[in-house]
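Chemist: Below you'll find the structure I mean.
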Amino acid sequence: MLQPNDYPLSVQFDLAAGTFAPITSKSERRLSEMMQSFYDVDAARAIVEQGDRVLYEVLYSPFETSKSDMAMCVTRIFPGKVGDEYHMTKGHLHERDDQPEIYFCLQGEGYLLLQTLDGEFRAEHWTKGTLSHIPPMWMHRTVNMGADTLVFVSVYNLSAGHDYEVVEAKGFKMLVVEREGQAVLVESEK
Ligand code: PAN
Ligand code: ZN
């Protein structure tokens with residue numbers, strides 16, 4: 001028998017605003033929660049000491065039924081830099097080894113950074129309309145290198161799990177930084 005959450009459900013996007021409704025929950029990620037992530041630790045510390053900064057927000061809608069656990073969310077990364085490194089997500093690896101994800105860029109310009117545990121690295125350049133498939137077992141982080149908010153949709157299974165520690169420990173091979181007014185990928189020294 002169908003349970004109350006087994007019925008179809010739609011949300012409505014406002015593409016110009018980069019949001020949707022109804023939103024089930026919303027979270028914010030502050031720089032103070034990402035002190036291991038940016039290479040310029042002194043720049044990060046100075047910003048946090050002056051009152052911290054929200055780097056991105058996540059608007060969330062679970063499409064859970066009695067037999068499935070798909071989730072959809074919109075991440076909005078605000079423009080800016082910490083030192084010369086562009087605002088980005090904390091980044092994670094799915095805990096389950098059979099869990100891919102779809103990202104769809106609605107607004108802005110950026111990079112999706114991907115890396116396996118063996119050190120294979122890819123940087124997917126994003127503009128409005130880019131859709132990327134993240135295969136299982138690739139760490140993923142998104143970077144906003146534009147002047148506007150970078151907005152993207154994620155679709156994944158809740159049971160995928162999120163391992164942030166592996167990204168903190170290993171880091172990504174490349175950073176996205178501003179050099180002479182341009183966004184460039186440079187090798188990380190981590
Ligand atoms: C995304 C991310 C979201 C925020 O929904 O969770 O963009 O990034 P962090 O989780 O790295 O802070 C996703 O990849 N879910 O699996
Ligand atoms: Zn993910």
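Chains: A, B, ... in order of the structure tokens. Residues: from 1 per chain. Ligands: from 1, in order shown.
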Around ligand 2, at most 8 Å away and counting only C-alpha atoms and all ligand atoms, which residues are there? Put them as a list in words, please.
Modeler: Gly91, His92, Leu93, His94, Pro100, Glu101, Met139, His140, Ser154, Tyr156, Ala160 and His162 of chain A
Chemist: Counting only C-alpha atoms, what is within 10 Å of Thr89 of chain A, bar same-chain residues fewer than 6 positions away, as a count of residues only?
Modeler: 16
Chemist: Select from segment 123-159 of chain A every residue with an atom at most 12 Å from any atom of segment 61-67 of chain A, then for each give the shortest pair of atoms and their distance in Å to one decimal, using only C-alpha atoms, rows by chain and rising number, as JSON lines.
Modeler:
{"residue": "A:Val153", "atom": "CA", "partner": "A:Ser61", "partner_atom": "CA", "distance": 10.9}
{"residue": "A:Ser154", "atom": "CA", "partner": "A:Ser61", "partner_atom": "CA", "distance": 10.4}
{"residue": "A:Val155", "atom": "CA", "partner": "A:Pro62", "partner_atom": "CA", "distance": 9.7}
{"residue": "A:Tyr156", "atom": "CA", "partner": "A:Pro62", "partner_atom": "CA", "distance": 9.7}
{"residue": "A:Asn157", "atom": "CA", "partner": "A:Glu64", "partner_atom": "CA", "distance": 9.1}
{"residue": "A:Leu158", "atom": "CA", "partner": "A:Pro62", "partner_atom": "CA", "distance": 8.2}
{"residue": "A:Ser159", "atom": "CA", "partner": "A:Glu64", "partner_atom": "CA", "distance": 10.8}
Chemist: If we count only C-alpha atoms, what is near Ala46 of chain A at a cut-off of 12 Å, once residues fewer than 6 positions away on the same chain are taken out, given as a VMD selection string?
Modeler: chain A and resid 31 to 32 35 40 52 to 53 82 to 83
Chemist: Set the distance at 10 Å and use only C-alpha atoms: which residues neighbour Gly110 of chain A once local chain neighbours fewer than 2 positions away are removed? I'd like the list as a PDB file with N, CA, C and O atoms, in the first residue's frame.
Modeler:
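Okay, this is what ended up in result23.pdb:
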ATOM      1  N   ILE A  77      27.088  29.096  -4.193  1.00  0.00           N
ATOM      2  CA  ILE A  77      28.400  29.540  -3.693  1.00  0.00           C
ATOM      3  C   ILE A  77      28.540  31.026  -4.007  1.00  0.00           C
ATOM      4  O   ILE A  77      28.514  31.432  -5.186  1.00  0.00           O
ATOM      5  N   TYR A  86      39.641  31.069  -4.826  1.00  0.00           N
ATOM      6  CA  TYR A  86      38.199  31.343  -4.949  1.00  0.00           C
ATOM      7  C   TYR A  86      37.368  30.526  -3.965  1.00  0.00           C
ATOM      8  O   TYR A  86      37.747  29.416  -3.582  1.00  0.00           O
ATOM      9  N   HIS A  87      36.224  31.099  -3.599  1.00  0.00           N
ATOM     10  CA  HIS A  87      35.279  30.383  -2.726  1.00  0.00           C
ATOM     11  C   HIS A  87      34.924  29.030  -3.332  1.00  0.00           C
ATOM     12  O   HIS A  87      34.733  28.913  -4.548  1.00  0.00           O
ATOM     13  N   MET A  88      34.787  28.048  -2.466  1.00  0.00           N
ATOM     14  CA  MET A  88      34.536  26.673  -2.937  1.00  0.00           C
ATOM     15  C   MET A  88      33.805  25.898  -1.852  1.00  0.00           C
ATOM     16  O   MET A  88      33.712  26.337  -0.706  1.00  0.00           O
ATOM     17  N   CYS A 105      24.697  22.891 -13.582  1.00  0.00           N
ATOM     18  CA  CYS A 105      24.986  24.305 -13.291  1.00  0.00           C
ATOM     19  C   CYS A 105      23.874  25.197 -13.847  1.00  0.00           C
ATOM     20  O   CYS A 105      23.635  25.208 -15.053  1.00  0.00           O
ATOM     21  N   GLN A 107      23.635  28.656 -12.904  1.00  0.00           N
ATOM     22  CA  GLN A 107      24.082  30.051 -12.993  1.00  0.00           C
ATOM     23  C   GLN A 107      25.540  30.138 -12.644  1.00  0.00           C
ATOM     24  O   GLN A 107      26.008  29.418 -11.768  1.00  0.00           O
ATOM     25  N   GLY A 108      26.250  31.075 -13.283  1.00  0.00           N
ATOM     26  CA  GLY A 108      27.611  31.384 -12.874  1.00  0.00           C
ATOM     27  C   GLY A 108      28.662  30.611 -13.647  1.00  0.00           C
ATOM     28  O   GLY A 108      28.371  29.903 -14.615  1.00  0.00           O
ATOM     29  N   LEU A 112      34.320  22.198 -11.458  1.00  0.00           N
ATOM     30  CA  LEU A 112      34.082  21.028 -10.616  1.00  0.00           C
ATOM     31  C   LEU A 112      35.397  20.270 -10.570  1.00  0.00           C
ATOM     32  O   LEU A 112      35.910  19.845 -11.615  1.00  0.00           O
ATOM     33  N   LEU A 113      35.987  20.149  -9.384  1.00  0.00           N
ATOM     34  CA  LEU A 113      37.240  19.408  -9.206  1.00  0.00           C
ATOM     35  C   LEU A 113      36.895  17.988  -8.760  1.00  0.00           C
ATOM     36  O   LEU A 113      36.073  17.801  -7.854  1.00  0.00           O
ATOM     37  N   ALA A 123      39.359  18.490 -13.838  1.00  0.00           N
ATOM     38  CA  ALA A 123      38.693  19.756 -13.549  1.00  0.00           C
ATOM     39  C   ALA A 123      37.712  20.016 -14.686  1.00  0.00           C
ATOM     40  O   ALA A 123      38.124  20.150 -15.838  1.00  0.00           O
ATOM     41  N   GLU A 124      36.437  20.016 -14.382  1.00  0.00           N
ATOM     42  CA  GLU A 124      35.407  20.261 -15.393  1.00  0.00           C
ATOM     43  C   GLU A 124      35.036  21.743 -15.334  1.00  0.00           C
ATOM     44  O   GLU A 124      34.623  22.233 -14.273  1.00  0.00           O
ATOM     45  N   HIS A 125      35.210  22.418 -16.466  1.00  0.00           N
ATOM     46  CA  HIS A 125      34.872  23.848 -16.515  1.00  0.00           C
ATOM     47  C   HIS A 125      33.362  24.006 -16.652  1.00  0.00           C
ATOM     48  O   HIS A 125      32.740  23.357 -17.481  1.00  0.00           O
ATOM     49  N   TRP A 126      32.806  24.862 -15.834  1.00  0.00           N
ATOM     50  CA  TRP A 126      31.351  25.021 -15.797  1.00  0.00           C
ATOM     51  C   TRP A 126      30.932  26.414 -16.234  1.00  0.00           C
ATOM     52  O   TRP A 126      31.493  27.423 -15.785  1.00  0.00           O
ATOM     53  N   THR A 127      29.899  26.423 -17.077  1.00  0.00           N
ATOM     54  CA  THR A 127      29.137  27.644 -17.314  1.00  0.00           C
ATOM     55  C   THR A 127      27.669  27.263 -17.148  1.00  0.00           C
ATOM     56  O   THR A 127      27.339  26.079 -16.987  1.00  0.00           O
ATOM     57  N   LYS A 128      26.807  28.256 -17.222  1.00  0.00           N
ATOM     58  CA  LYS A 128      25.366  27.995 -17.111  1.00  0.00           C
ATOM     59  C   LYS A 128      24.974  26.881 -18.088  1.00  0.00           C
ATOM     60  O   LYS A 128      25.275  26.989 -19.284  1.00  0.00           O
ATOM     61  N   THR A 142      33.376  21.984  -5.649  1.00  0.00           N
ATOM     62  CA  THR A 142      32.983  22.962  -6.656  1.00  0.00           C
ATOM     63  C   THR A 142      33.535  24.333  -6.286  1.00  0.00           C
ATOM     64  O   THR A 142      33.510  24.716  -5.112  1.00  0.00           O
ATOM     65  N   VAL A 143      34.044  25.044  -7.289  1.00  0.00           N
ATOM     66  CA  VAL A 143      34.703  26.336  -7.068  1.00  0.00           C
ATOM     67  C   VAL A 143      33.992  27.410  -7.885  1.00  0.00           C
ATOM     68  O   VAL A 143      33.715  27.205  -9.073  1.00  0.00           O
ATOM     69  N   ASN A 144      33.705  28.542  -7.249  1.00  0.00           N
ATOM     70  CA  ASN A 144      33.098  29.678  -7.958  1.00  0.00           C
ATOM     71  C   ASN A 144      34.186  30.671  -8.334  1.00  0.00           C
ATOM     72  O   ASN A 144      34.706  31.371  -7.471  1.00  0.00           O
ATOM     73  N   MET A 145      34.522  30.749  -9.617  1.00  0.00           N
ATOM     74  CA  MET A 145      35.562  31.706 -10.015  1.00  0.00           C
ATOM     75  C   MET A 145      34.965  32.918 -10.734  1.00  0.00           C
ATOM     76  O   MET A 145      35.701  33.728 -11.284  1.00  0.00           O
ATOM     77  N   GLY A 146      33.637  33.047 -10.701  1.00  0.00           N
ATOM     78  CA  GLY A 146      32.993  34.159 -11.391  1.00  0.00           C
ATOM     79  C   GLY A 146      32.676  35.319 -10.444  1.00  0.00           C
ATOM     80  O   GLY A 146      32.925  35.254  -9.246  1.00  0.00           O
ATOM     81  N   THR A 149      27.021  34.701  -8.069  1.00  0.00           N
ATOM     82  CA  THR A 149      26.820  33.462  -7.305  1.00  0.00           C
ATOM     83  C   THR A 149      26.807  32.269  -8.267  1.00  0.00           C
ATOM     84  O   THR A 149      26.187  32.332  -9.331  1.00  0.00           O
ATOM     85  N   LEU A 150      27.516  31.214  -7.921  1.00  0.00           N
ATOM     86  CA  LEU A 150      27.484  29.967  -8.699  1.00  0.00           C
ATOM     87  C   LEU A 150      26.380  29.099  -8.106  1.00  0.00           C
ATOM     88  O   LEU A 150      26.381  28.836  -6.898  1.00  0.00           O
ATOM     89  N   VAL A 151      25.429  28.695  -8.952  1.00  0.00           N
ATOM     90  CA  VAL A 151      24.267  27.945  -8.477  1.00  0.00           C
ATOM     91  C   VAL A 151      24.210  26.614  -9.228  1.00  0.00           C
ATOM     92  O   VAL A 151      24.264  26.600 -10.463  1.00  0.00           O
ATOM     93  N   VAL A 176      42.198  26.529  -7.438  1.00  0.00           N
ATOM     94  CA  VAL A 176      41.772  27.543  -8.406  1.00  0.00           C
ATOM     95  C   VAL A 176      42.017  28.903  -7.764  1.00  0.00           C
ATOM     96  O   VAL A 176      41.407  29.244  -6.748  1.00  0.00           O
ATOM     97  N   ALA A 183      41.432  33.543 -13.533  1.00  0.00           N
ATOM     98  CA  ALA A 183      41.309  32.329 -12.730  1.00  0.00           C
ATOM     99  C   ALA A 183      42.162  31.239 -13.371  1.00  0.00           C
ATOM    100  O   ALA A 183      42.009  30.951 -14.556  1.00  0.00           O
TER     101      ALA A 183
END
Chemist: Using only C-alpha atoms for the distances, tell me which of A:Asp98, A:Leu175, A:Glu168, A:Met70 is nearest to Tyr111 of chain A.
Modeler: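 Smallest distance to Tyr111 of chain A is found for A:Leu175.
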Chemist: Pick from A:Gly51, A:Phe121, A:Val74, A:His133: nearest to Val11 of chain A, with only C-alpha atoms counted?
Modeler: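 Looking only at the distances to Val11 of chain A, the closest residue turns out to be A:Val74.
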Chemist: If you measure from atom CA of Glu187 of chain A to atom CA of Arg122 of chain A, what distance in Å do you get, rounded to one decimal?
Modeler: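 Those two atoms sit 12.6 Å apart.
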Chemist: Output as a ChimeraX atom specification all residues of segment 1-183 of chain A that backbone DSSP marks as alpha helix (DSSP H).
Modeler: /A:41-49,165-170
Chemist: Take the residues that were just selected and, keeping N, CA, C and O atoms, output them as a CSV table (one decimal), in the first residue's frame.
Modeler:
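Output (out38.csv):
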chain,number,residue,atom,x,y,z
A,41,VAL,N,46.3,29.9,5.0
A,41,VAL,CA,45.7,29.8,6.4
A,41,VAL,C,45.6,31.2,7.1
A,41,VAL,O,44.6,31.5,7.8
A,42,ASP,N,46.6,32.0,6.8
A,42,ASP,CA,46.6,33.3,7.5
A,42,ASP,C,45.4,34.2,7.0
A,42,ASP,O,44.8,34.9,7.7
A,43,ALA,N,45.2,34.1,5.7
A,43,ALA,CA,44.1,34.9,5.1
A,43,ALA,C,42.7,34.4,5.6
A,43,ALA,O,41.9,35.2,6.0
A,44,ALA,N,42.6,33.1,5.8
A,44,ALA,CA,41.4,32.5,6.3
A,44,ALA,C,41.2,33.0,7.8
A,44,ALA,O,40.1,33.4,8.2
A,45,ARG,N,42.2,32.9,8.5
A,45,ARG,CA,42.2,33.3,10.0
A,45,ARG,C,41.8,34.8,10.1
A,45,ARG,O,41.0,35.1,10.9
A,46,ALA,N,42.3,35.6,9.3
A,46,ALA,CA,42.0,37.1,9.4
A,46,ALA,C,40.6,37.3,9.1
A,46,ALA,O,39.9,38.1,9.8
A,47,ILE,N,40.0,36.6,8.1
A,47,ILE,CA,38.6,36.8,7.8
A,47,ILE,C,37.7,36.3,9.0
A,47,ILE,O,36.7,37.0,9.4
A,48,VAL,N,38.0,35.2,9.5
A,48,VAL,CA,37.2,34.6,10.6
A,48,VAL,C,37.3,35.5,11.9
A,48,VAL,O,36.3,35.8,12.5
A,49,GLU,N,38.5,36.1,12.1
A,49,GLU,CA,38.7,37.0,13.3
A,49,GLU,C,37.8,38.2,13.1
A,49,GLU,O,37.4,38.8,14.1
A,165,GLU,N,36.4,14.0,5.8
A,165,GLU,CA,37.8,13.9,6.4
A,165,GLU,C,38.8,13.5,5.3
A,165,GLU,O,39.9,13.9,5.4
A,166,VAL,N,38.4,12.6,4.4
A,166,VAL,CA,39.4,12.1,3.4
A,166,VAL,C,39.8,13.3,2.5
A,166,VAL,O,41.0,13.4,2.1
A,167,VAL,N,38.9,14.2,2.3
A,167,VAL,CA,39.3,15.4,1.5
A,167,VAL,C,40.2,16.3,2.3
A,167,VAL,O,41.2,16.9,1.8
A,168,GLU,N,39.9,16.5,3.6
A,168,GLU,CA,40.8,17.3,4.4
A,168,GLU,C,42.2,16.7,4.5
A,168,GLU,O,43.2,17.4,4.5
A,169,ALA,N,42.2,15.4,4.6
A,169,ALA,CA,43.5,14.7,4.7
A,169,ALA,C,44.3,14.8,3.4
A,169,ALA,O,45.5,15.1,3.4
A,170,LYS,N,43.7,14.5,2.3
A,170,LYS,CA,44.4,14.3,1.0
A,170,LYS,C,44.5,15.6,0.3
A,170,LYS,O,45.4,15.9,-0.5
Chemist: Which one is closest to ligand 1: A:Ser188, A:Ser68, A:Gln99, A:Ser10? Count only C-alpha atoms and all ligand atoms.
Modeler: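 Under the stated criterion, the closest residue is A:Gln99.
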Chemist: Could you tell me which of A:Thr19, A:Glu33, A:Lys81, A:Asn5 comes closest to Leu59 of chain A if we count only C-alpha atoms?
Modeler: A:Thr19
Chemist: Of the candidates A:Asp84, A:Pro8, A:Val54, A:Ser27, which shows the shortest atom-to-atom distance to Val177 of chain A, using only C-alpha atoms?
Modeler: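 The answer is A:Asp84, which sits nearest to Val177 of chain A.
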Chemist: Extract the full set of strand (DSSP E) residues from chain A according to DSSP on the backbone, and format it as an MDAnalysis selection string.
Modeler: chainID A and resid 12:14 19:21 25:30 54:64 69:77 81:82 85:86 93:94 101:107 110:115 121:126 131:134 139:144 150:157 162:163 174:179 182:187
